[in-house]
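S.K.: My structure is below; once you've seen it, I'll send some questions.
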Number of protein chains: 2
Amino acid sequence: MNILIAEDDEHIAESLRKNFAEDGNHVMIAKDGKEAIRISDKILFDIILLDWRMPEITGIEVCRHIRENGSKVPIILLTALSQIKNKIEALNLGADDYVTKPFSFEELNARMKAVIRRYQSNTDELVFYEITVDLINRKVCTPHGKINLTVKEFDLLKYFILHKGSIMSKEEICRDVWNLEFVPTTNLIEATVKNLRKKLEENTGKNLIKSIYGEGYLLIAE
Amino acid sequence: MNILIAEDDEHIAESLRKNFAEDGNHVMIAKDGKEAIRISDKILFDIILLDWRMPEITGIEVCRHIRENGSKVPIILLTALSQIKNKIEALNLGADDYVTKPFSFEELNARMKAVIRRYQSNTDELVFYEITVDLINRKVCTPHGKINLTVKEFDLLKYFILHKGSIMSKEEICRDVWNLEFVPTTNLIEATVKNLRKKLEENTGKNLIKSIYGEGYLLIAE
DNA sequence: AACAATAATGAAATTACTTTCATTTTTAAT
DNA sequence: ATTAAAAATGAAAGTAATTTCATTATTGTT
């Protein structure tokens with residue numbers, strides 16, 4: 001995981017870094033808010049830990065900046081007990097959670113996990129069998145590796161998954177995937193289904209797309 | 001807007017249909033839960049109104065079915081006063097809101113608007129100037145119409161918007177958009193920027209992508 | 001089993017996208 | 001103003017995706 005720590009206290013920063021790096025994470029440290037903004041603008045992190053009190057630009061301001069840039073990256077605020085009263089307040093500031101100093105690694109780890117899990121369940125993914133479809137980045141993954149799909153193959157797979165368990169006629173597929181009013185006289189759909197099937201089968205060993213003679217195609221429900 | 005109404009009471013269904021159709025909406029009516037599932041599986045609506053009490057399959061079951069299929073389409077439950085106690089309960093069932101019968105069109109309209117607005121702010125869109133970037137469907141819209149971008153142009157625009165206001169060097173663009181470790185000796189980036197600029201300018205009349213001599217490119221912040 | 005309709009296939013043709021090349025224009029510094 | 005580096009441009013080359021074609025295989029029906 002890519003972790004950004006914005007913390008001006010070198011001792012705390014270093015002990016956090018060590019802790020996370022031991023688990024195989026890639027950690028970057030920003031010594032102040034300015035640096036945190038500069039780095040977070042350019043690198044996508046899995047989670048960002050922001051010290052509230054930092055010279056010049058505070059963690060809150062960094063948080064606001066990140067959110068204004070459209071990023072939904074998980075952010076946890078590190079605060080002294082007096083600075084924040086409850087989670088609602090942290091949420092209003094755009095953070096996902098907060099941890100009061102002094103804190104234990106156990107507590108911080110637990111909160112980080114929760115925030116990341118919540119974030120991931122909010123990302124636009126479809127999961128089907130062992131296949132994970134990332135709708136934003138258009139990546140399709142299985143435990144055996146990444147499947148490279150073309151644009152049309154991806155759109156078709158997405159359509160099948162959203163309609164898994166029901167037979168989709170070629171008319172519907174044409175309308176919804178190709179934006180065509182009429183089914184072409186050629187075998188456009190069949191050819192695309194063939195290529196999609198091949199790639200899925202190479203990775204899963206299964207033929208998940210059934211042909212229903214005279215009716216259409218069906219992605220078998222789990 | 002595409003509206004699906006699932007309501008077994010023909011009178012209510014028809015008066016709703018009439019009401020929405022007058023505002024230029026496209027309305028479909030499902031006479032029972034089974035039909036609602038069949039239709040909602042195949043057509044993407046902007047909002048779905050579900051009567052709770054319907055023969056065989058209830059609105060709740062339709063709602064659960066829709067959510068299990070991964071759809072986040074806005075759903076409002078139409079219920080008799082006794083069936084549901086509060087919004088939390090409706091939310092737990094997967095609905096976005098509920099309206100108790102008998103209801104006024106004013107109330108229903110207001111709740112529909114709120115739910116749709118909430119939904120839209122949750123969709124993965126970037127908004128920049130008058131440009132709306134739909135990250136899921138990879139569509140780019142302006143008030144003057146749709147902009148057709150190629151994959152690379154889209155990825156580059158998305159990257160610029162996420163980093164608007166800061167200068168992005170060619171090294172960074174290469175790394176993050178092209179996944180290249182080194183800047184190619186050719187003018188790959190310049191050529192792509194050129195094409196993206198052209199398309200944006202045709203639609204907005206502005207050149208939003210500035211060149212910073214010797215440093216990189218900058219999408220000017222709003 | 002024979003038939004006609006439907007679906008699958010491999011490869012070719014077409015189209016669109018991506019990258020490169022050669023040249024011109026712009027920029028910042030002298 | 002001159003210059004050298006950087007950036008922009010138009011068009012060509014290269015690559016990949018999409019669609020079509022011709023053929024073979026499969027399916028349901030008689």
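Chain identifiers are assigned as A, B, and so on, following the order in which chains appear in the structure tokens; residues are numbered from 1 within each chain, and ligands are numbered from 1 in order of appearance.
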Report as a short mmCIF file (atom, residue, chain, number, x, y, z; two decimals) with all heavy atoms, in the first residue's frame all protein, DNA and RNA residues lying within 10 Å of Ser211 in chain A, evaluated on only C-alpha atoms (C1' of nucleotides), omitting residues in the same chain fewer than 2 positions from it.
M.R.:
data_model
loop_
_atom_site.label_atom_id
_atom_site.label_comp_id
_atom_site.auth_asym_id
_atom_site.auth_seq_id
_atom_site.Cartn_x
_atom_site.Cartn_y
_atom_site.Cartn_z
N ILE A 167 -31.73 -13.78 -19.63
CA ILE A 167 -31.37 -13.91 -21.04
C ILE A 167 -31.47 -12.55 -21.70
O ILE A 167 -32.50 -11.88 -21.60
CB ILE A 167 -32.31 -14.90 -21.74
CG1 ILE A 167 -32.18 -16.28 -21.10
CG2 ILE A 167 -32.01 -14.96 -23.24
CD1 ILE A 167 -33.24 -17.27 -21.57
N MET A 168 -30.40 -12.14 -22.35
CA MET A 168 -30.41 -10.86 -23.05
C MET A 168 -30.46 -11.13 -24.55
O MET A 168 -29.58 -11.80 -25.09
CB MET A 168 -29.16 -10.06 -22.70
CG MET A 168 -28.96 -9.85 -21.19
SD MET A 168 -30.43 -9.26 -20.33
CE MET A 168 -30.60 -7.64 -21.06
N GLU A 190 -21.97 -11.85 -32.23
CA GLU A 190 -21.39 -13.18 -32.08
C GLU A 190 -19.87 -13.12 -32.03
O GLU A 190 -19.24 -13.80 -31.21
CB GLU A 190 -21.84 -14.10 -33.23
CG GLU A 190 -23.31 -14.46 -33.23
CD GLU A 190 -24.17 -13.42 -33.94
OE1 GLU A 190 -23.70 -12.28 -34.10
OE2 GLU A 190 -25.30 -13.75 -34.31
N VAL A 193 -18.79 -11.64 -28.68
CA VAL A 193 -19.01 -12.63 -27.62
C VAL A 193 -17.91 -13.68 -27.66
O VAL A 193 -17.37 -14.08 -26.63
CB VAL A 193 -20.39 -13.29 -27.79
CG1 VAL A 193 -20.51 -14.53 -26.90
CG2 VAL A 193 -21.50 -12.30 -27.44
N LEU A 208 -18.73 -18.94 -18.98
CA LEU A 208 -19.78 -18.35 -18.16
C LEU A 208 -20.93 -17.80 -19.01
O LEU A 208 -22.02 -17.57 -18.52
CB LEU A 208 -19.20 -17.22 -17.31
CG LEU A 208 -18.05 -17.67 -16.39
CD1 LEU A 208 -17.30 -16.46 -15.83
CD2 LEU A 208 -18.60 -18.52 -15.26
N ILE A 209 -20.65 -17.58 -20.30
CA ILE A 209 -21.65 -17.00 -21.18
C ILE A 209 -22.34 -18.11 -21.98
O ILE A 209 -21.72 -18.72 -22.85
CB ILE A 209 -21.02 -15.97 -22.14
CG1 ILE A 209 -20.28 -14.90 -21.34
CG2 ILE A 209 -22.09 -15.35 -23.03
CD1 ILE A 209 -19.41 -14.00 -22.20
N TYR A 213 -30.39 -20.75 -27.64
CA TYR A 213 -30.75 -20.88 -29.06
C TYR A 213 -32.02 -20.11 -29.39
O TYR A 213 -33.08 -20.35 -28.81
CB TYR A 213 -30.93 -22.37 -29.38
CG TYR A 213 -31.05 -22.68 -30.85
CD1 TYR A 213 -29.92 -22.89 -31.63
CD2 TYR A 213 -32.30 -22.76 -31.46
CE1 TYR A 213 -30.03 -23.19 -32.97
CE2 TYR A 213 -32.41 -23.07 -32.81
CZ TYR A 213 -31.27 -23.27 -33.55
OH TYR A 213 -31.39 -23.57 -34.89
N GLY A 214 -31.88 -19.18 -30.29
CA GLY A 214 -33.05 -18.41 -30.73
C GLY A 214 -33.45 -17.28 -29.80
O GLY A 214 -34.33 -16.49 -30.13
N GLU A 215 -32.84 -17.18 -28.62
CA GLU A 215 -33.25 -16.15 -27.66
C GLU A 215 -32.19 -15.10 -27.38
O GLU A 215 -32.49 -13.91 -27.34
CB GLU A 215 -33.67 -16.82 -26.35
CG GLU A 215 -34.88 -17.73 -26.52
CD GLU A 215 -35.45 -18.11 -25.17
OE1 GLU A 215 -35.82 -17.21 -24.40
OE2 GLU A 215 -35.52 -19.33 -24.89
N GLY A 216 -30.96 -15.55 -27.17
CA GLY A 216 -29.92 -14.59 -26.88
C GLY A 216 -28.81 -15.20 -26.04
O GLY A 216 -28.51 -16.39 -26.16
N TYR A 217 -28.21 -14.37 -25.18
CA TYR A 217 -27.11 -14.83 -24.34
C TYR A 217 -27.49 -14.67 -22.87
O TYR A 217 -28.33 -13.84 -22.52
CB TYR A 217 -25.84 -14.06 -24.63
CG TYR A 217 -25.28 -14.32 -26.01
CD1 TYR A 217 -25.54 -13.46 -27.06
CD2 TYR A 217 -24.49 -15.44 -26.25
CE1 TYR A 217 -25.03 -13.70 -28.33
CE2 TYR A 217 -23.97 -15.69 -27.51
CZ TYR A 217 -24.24 -14.82 -28.55
OH TYR A 217 -23.74 -15.07 -29.79
N LEU A 218 -26.81 -15.49 -22.07
CA LEU A 218 -27.10 -15.49 -20.64
C LEU A 218 -25.81 -15.67 -19.87
O LEU A 218 -25.06 -16.63 -20.09
CB LEU A 218 -28.06 -16.66 -20.33
CG LEU A 218 -28.17 -17.12 -18.88
CD1 LEU A 218 -28.89 -16.09 -18.05
CD2 LEU A 218 -28.89 -18.45 -18.79
N LEU A 219 -25.53 -14.74 -18.98
CA LEU A 219 -24.40 -14.92 -18.08
C LEU A 219 -24.95 -15.66 -16.86
O LEU A 219 -25.85 -15.16 -16.18
CB LEU A 219 -23.81 -13.58 -17.65
CG LEU A 219 -22.51 -13.67 -16.86
CD1 LEU A 219 -21.35 -14.06 -17.75
CD2 LEU A 219 -22.22 -12.37 -16.15
P DA C 7 -29.09 -17.56 -32.23
OP1 DA C 7 -29.51 -17.47 -30.82
OP2 DA C 7 -29.06 -16.36 -33.09
"O5'" DA C 7 -27.66 -18.26 -32.29
"C5'" DA C 7 -27.48 -19.51 -31.66
"C4'" DA C 7 -26.06 -19.97 -31.84
"O4'" DA C 7 -25.83 -20.30 -33.24
"C3'" DA C 7 -24.99 -18.94 -31.47
"O3'" DA C 7 -24.08 -19.58 -30.59
"C2'" DA C 7 -24.36 -18.54 -32.79
"C1'" DA C 7 -24.55 -19.82 -33.61
N9 DA C 7 -24.58 -19.67 -35.06
C8 DA C 7 -25.41 -18.86 -35.81
N7 DA C 7 -25.22 -18.95 -37.11
C5 DA C 7 -24.20 -19.88 -37.23
C6 DA C 7 -23.53 -20.42 -38.35
N6 DA C 7 -23.81 -20.09 -39.61
N1 DA C 7 -22.55 -21.32 -38.12
C2 DA C 7 -22.27 -21.65 -36.85
N3 DA C 7 -22.82 -21.22 -35.73
C4 DA C 7 -23.79 -20.32 -35.98
#
S.K.: Identify every residue of chain A that has at least one atom within 8 Å of any atom of chain D, counting only C-alpha atoms (C1' of nucleotides), and report the result as a list in words.
M.R.: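 The complete set of qualifying residues is Thr150, Thr186, Asn187, Leu188 and Tyr213 of chain A.
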S.K.: Atoms to include: N, CA, C and O atoms. Write the selected residues as a tab-separated table (two decimals), in the first residue's frame.
M.R.:
chain	number	residue	atom	x	y	z
A	150	THR	N	-10.77	-5.31	-24.68
A	150	THR	CA	-10.94	-4.11	-25.50
A	150	THR	C	-12.17	-3.36	-24.97
A	150	THR	O	-12.90	-3.86	-24.11
A	186	THR	N	-24.86	-8.46	-39.98
A	186	THR	CA	-23.63	-9.24	-39.80
A	186	THR	C	-23.62	-9.89	-38.41
A	186	THR	O	-24.52	-9.72	-37.62
A	187	ASN	N	-22.56	-10.63	-38.14
A	187	ASN	CA	-22.47	-11.34	-36.87
A	187	ASN	C	-21.61	-10.59	-35.84
A	187	ASN	O	-20.85	-11.19	-35.10
A	188	LEU	N	-21.77	-9.28	-35.84
A	188	LEU	CA	-21.01	-8.40	-34.95
A	188	LEU	C	-21.02	-8.88	-33.51
A	188	LEU	O	-19.98	-9.03	-32.87
A	213	TYR	N	-30.39	-20.75	-27.64
A	213	TYR	CA	-30.75	-20.88	-29.06
A	213	TYR	C	-32.02	-20.11	-29.39
A	213	TYR	O	-33.08	-20.35	-28.81
S.K.: Enumerate as a ChimeraX atom specification the residues belonging to chain A that approach chain B to within 10 Å, with only C-alpha atoms taken into account.
M.R.: /A:38,40-44,66,68-71,122-127,134-138,151,155,159,161-168,172-173,176
S.K.: Go through chain C and flag each residue having an atom no more than 9 Å from chain B; for those, report the closest pair of atoms plus their distance in Å to one decimal, using only C-alpha atoms (C1' of nucleotides), ordered by chain and rising number, as JSON lines.
M.R.:
{"residue": "C:DC17", "atom": "C1'", "partner": "B:Thr150", "partner_atom": "CA", "distance": 7.2}
{"residue": "C:DT18", "atom": "C1'", "partner": "B:Lys152", "partner_atom": "CA", "distance": 8.5}
{"residue": "C:DT19", "atom": "C1'", "partner": "B:Leu188", "partner_atom": "CA", "distance": 6.3}
{"residue": "C:DT20", "atom": "C1'", "partner": "B:Thr186", "partner_atom": "CA", "distance": 6.6}
{"residue": "C:DC21", "atom": "C1'", "partner": "B:Thr186", "partner_atom": "CA", "distance": 8.8}
{"residue": "C:DT27", "atom": "C1'", "partner": "B:Tyr213", "partner_atom": "CA", "distance": 7.0}
{"residue": "C:DA28", "atom": "C1'", "partner": "B:Tyr213", "partner_atom": "CA", "distance": 8.5}
S.K.: Once you have the residues from the selection above, write them out as an mmCIF file, in the first residue's frame, restricted to N, CA, C and O atoms (P, O5', C5', C4', C3', O3' and C1' of nucleotides).
M.R.:
data_model
loop_
_atom_site.group_PDB
_atom_site.id
_atom_site.type_symbol
_atom_site.label_atom_id
_atom_site.label_comp_id
_atom_site.auth_asym_id
_atom_site.auth_seq_id
_atom_site.Cartn_x
_atom_site.Cartn_y
_atom_site.Cartn_z
ATOM 1 P P DC C 17 -11.394 6.704 -32.500
ATOM 2 O "O5'" DC C 17 -9.948 6.256 -32.022
ATOM 3 C "C5'" DC C 17 -9.810 4.999 -31.351
ATOM 4 C "C4'" DC C 17 -8.335 4.704 -31.203
ATOM 5 C "C3'" DC C 17 -7.559 5.809 -30.483
ATOM 6 O "O3'" DC C 17 -6.947 5.197 -29.358
ATOM 7 C "C1'" DC C 17 -6.450 5.132 -32.474
ATOM 8 P P DT C 18 -6.080 6.081 -28.331
ATOM 9 O "O5'" DT C 18 -4.595 5.868 -28.882
ATOM 10 C "C5'" DT C 18 -4.083 4.549 -28.988
ATOM 11 C "C4'" DT C 18 -2.696 4.612 -29.573
ATOM 12 C "C3'" DT C 18 -1.746 5.599 -28.884
ATOM 13 O "O3'" DT C 18 -0.640 4.837 -28.430
ATOM 14 C "C1'" DT C 18 -1.663 5.845 -31.250
ATOM 15 P P DT C 19 0.521 5.517 -27.579
ATOM 16 O "O5'" DT C 19 1.561 5.883 -28.718
ATOM 17 C "C5'" DT C 19 2.121 4.827 -29.482
ATOM 18 C "C4'" DT C 19 2.894 5.399 -30.646
ATOM 19 C "C3'" DT C 19 4.012 6.379 -30.256
ATOM 20 O "O3'" DT C 19 5.240 5.739 -30.570
ATOM 21 C "C1'" DT C 19 2.800 7.108 -32.173
ATOM 22 P P DT C 20 6.639 6.521 -30.335
ATOM 23 O "O5'" DT C 20 6.886 7.117 -31.793
ATOM 24 C "C5'" DT C 20 7.010 6.223 -32.886
ATOM 25 C "C4'" DT C 20 7.167 7.018 -34.166
ATOM 26 C "C3'" DT C 20 8.365 7.967 -34.183
ATOM 27 O "O3'" DT C 20 9.190 7.578 -35.271
ATOM 28 C "C1'" DT C 20 6.410 9.051 -34.969
ATOM 29 P P DC C 21 10.659 8.248 -35.428
ATOM 30 O "O5'" DC C 21 10.429 9.296 -36.604
ATOM 31 C "C5'" DC C 21 9.742 8.882 -37.784
ATOM 32 C "C4'" DC C 21 9.450 10.090 -38.653
ATOM 33 C "C3'" DC C 21 10.599 11.100 -38.713
ATOM 34 O "O3'" DC C 21 10.948 11.296 -40.071
ATOM 35 C "C1'" DC C 21 8.526 12.173 -38.260
ATOM 36 P P DT C 27 4.763 32.250 -26.989
ATOM 37 O "O5'" DT C 27 6.120 31.946 -26.215
ATOM 38 C "C5'" DT C 27 6.295 30.684 -25.583
ATOM 39 C "C4'" DT C 27 7.728 30.568 -25.106
ATOM 40 C "C3'" DT C 27 8.197 31.767 -24.279
ATOM 41 O "O3'" DT C 27 8.296 31.349 -22.933
ATOM 42 C "C1'" DT C 27 9.856 31.020 -25.869
ATOM 43 P P DA C 28 8.459 32.424 -21.742
ATOM 44 O "O5'" DA C 28 10.038 32.422 -21.559
ATOM 45 C "C5'" DA C 28 10.680 31.199 -21.200
ATOM 46 C "C4'" DA C 28 12.171 31.392 -21.247
ATOM 47 C "C3'" DA C 28 12.695 32.573 -20.425
ATOM 48 O "O3'" DA C 28 13.832 32.132 -19.712
ATOM 49 C "C1'" DA C 28 13.425 32.767 -22.673
#
S.K.: Identify all residues of range 59-212 of chain A in alpha helix (DSSP H) (DSSP on the backbone) and supply them as a PyMOL selection string.
M.R.: chain A and resi 59-68+87-92+105-122+151-162+170-173+188-204
S.K.: Run DSSP on the backbone of this structure and report the residues of range 76-216 of chain B it assigns to strand (DSSP E or B), as an NGL selection string.
M.R.: :B and (76-80 or 97-101 or 125-128 or 131-134 or 139-142 or 145-147 or 168 or 209-212 or 216)
S.K.: Write to file, as a compact mmCIF listing (two decimals), in the first residue's frame, the residues of the selection just made, with C-alpha atoms.
M.R.:
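The file below, out18.txt, is the result:
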# COMPACT_ATOMS: atom_id res chain seq x y z
CA ILE B 76 -38.44 5.43 -3.53
CA LEU B 77 -40.89 3.19 -1.69
CA LEU B 78 -44.57 4.05 -1.67
CA THR B 79 -46.04 2.74 1.57
CA ALA B 80 -49.09 2.87 3.73
CA ASP B 97 -36.44 7.25 0.57
CA TYR B 98 -40.08 6.46 1.20
CA VAL B 99 -43.36 8.31 0.79
CA THR B 100 -46.47 7.34 2.73
CA LYS B 101 -49.82 7.07 1.03
CA GLU B 125 -18.08 12.58 -12.11
CA LEU B 126 -15.51 15.28 -12.31
CA VAL B 127 -16.75 18.75 -13.04
CA PHE B 128 -14.43 21.38 -14.42
CA ILE B 131 -17.09 20.27 -18.58
CA THR B 132 -18.56 17.21 -16.93
CA VAL B 133 -16.49 14.04 -17.03
CA ASP B 134 -18.36 10.80 -16.36
CA LYS B 139 -18.46 10.52 -21.47
CA VAL B 140 -17.45 14.16 -21.54
CA CYS B 141 -20.19 16.75 -21.77
CA THR B 142 -20.43 20.51 -22.08
CA GLY B 145 -22.76 19.02 -26.45
CA LYS B 146 -20.81 15.85 -26.03
CA ILE B 147 -17.07 15.72 -26.64
CA MET B 168 2.58 18.53 -14.29
CA ILE B 209 -4.29 23.67 -20.93
CA LYS B 210 -1.35 26.01 -20.53
CA SER B 211 2.19 25.13 -21.53
CA ILE B 212 4.84 26.11 -19.01
CA GLY B 216 5.30 20.95 -18.24
S.K.: CA of Glu153 in chain A to CA of Asp46 in chain A: how many Å, to one decimal?
M.R.: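 These atoms are spaced 28.7 Å apart.
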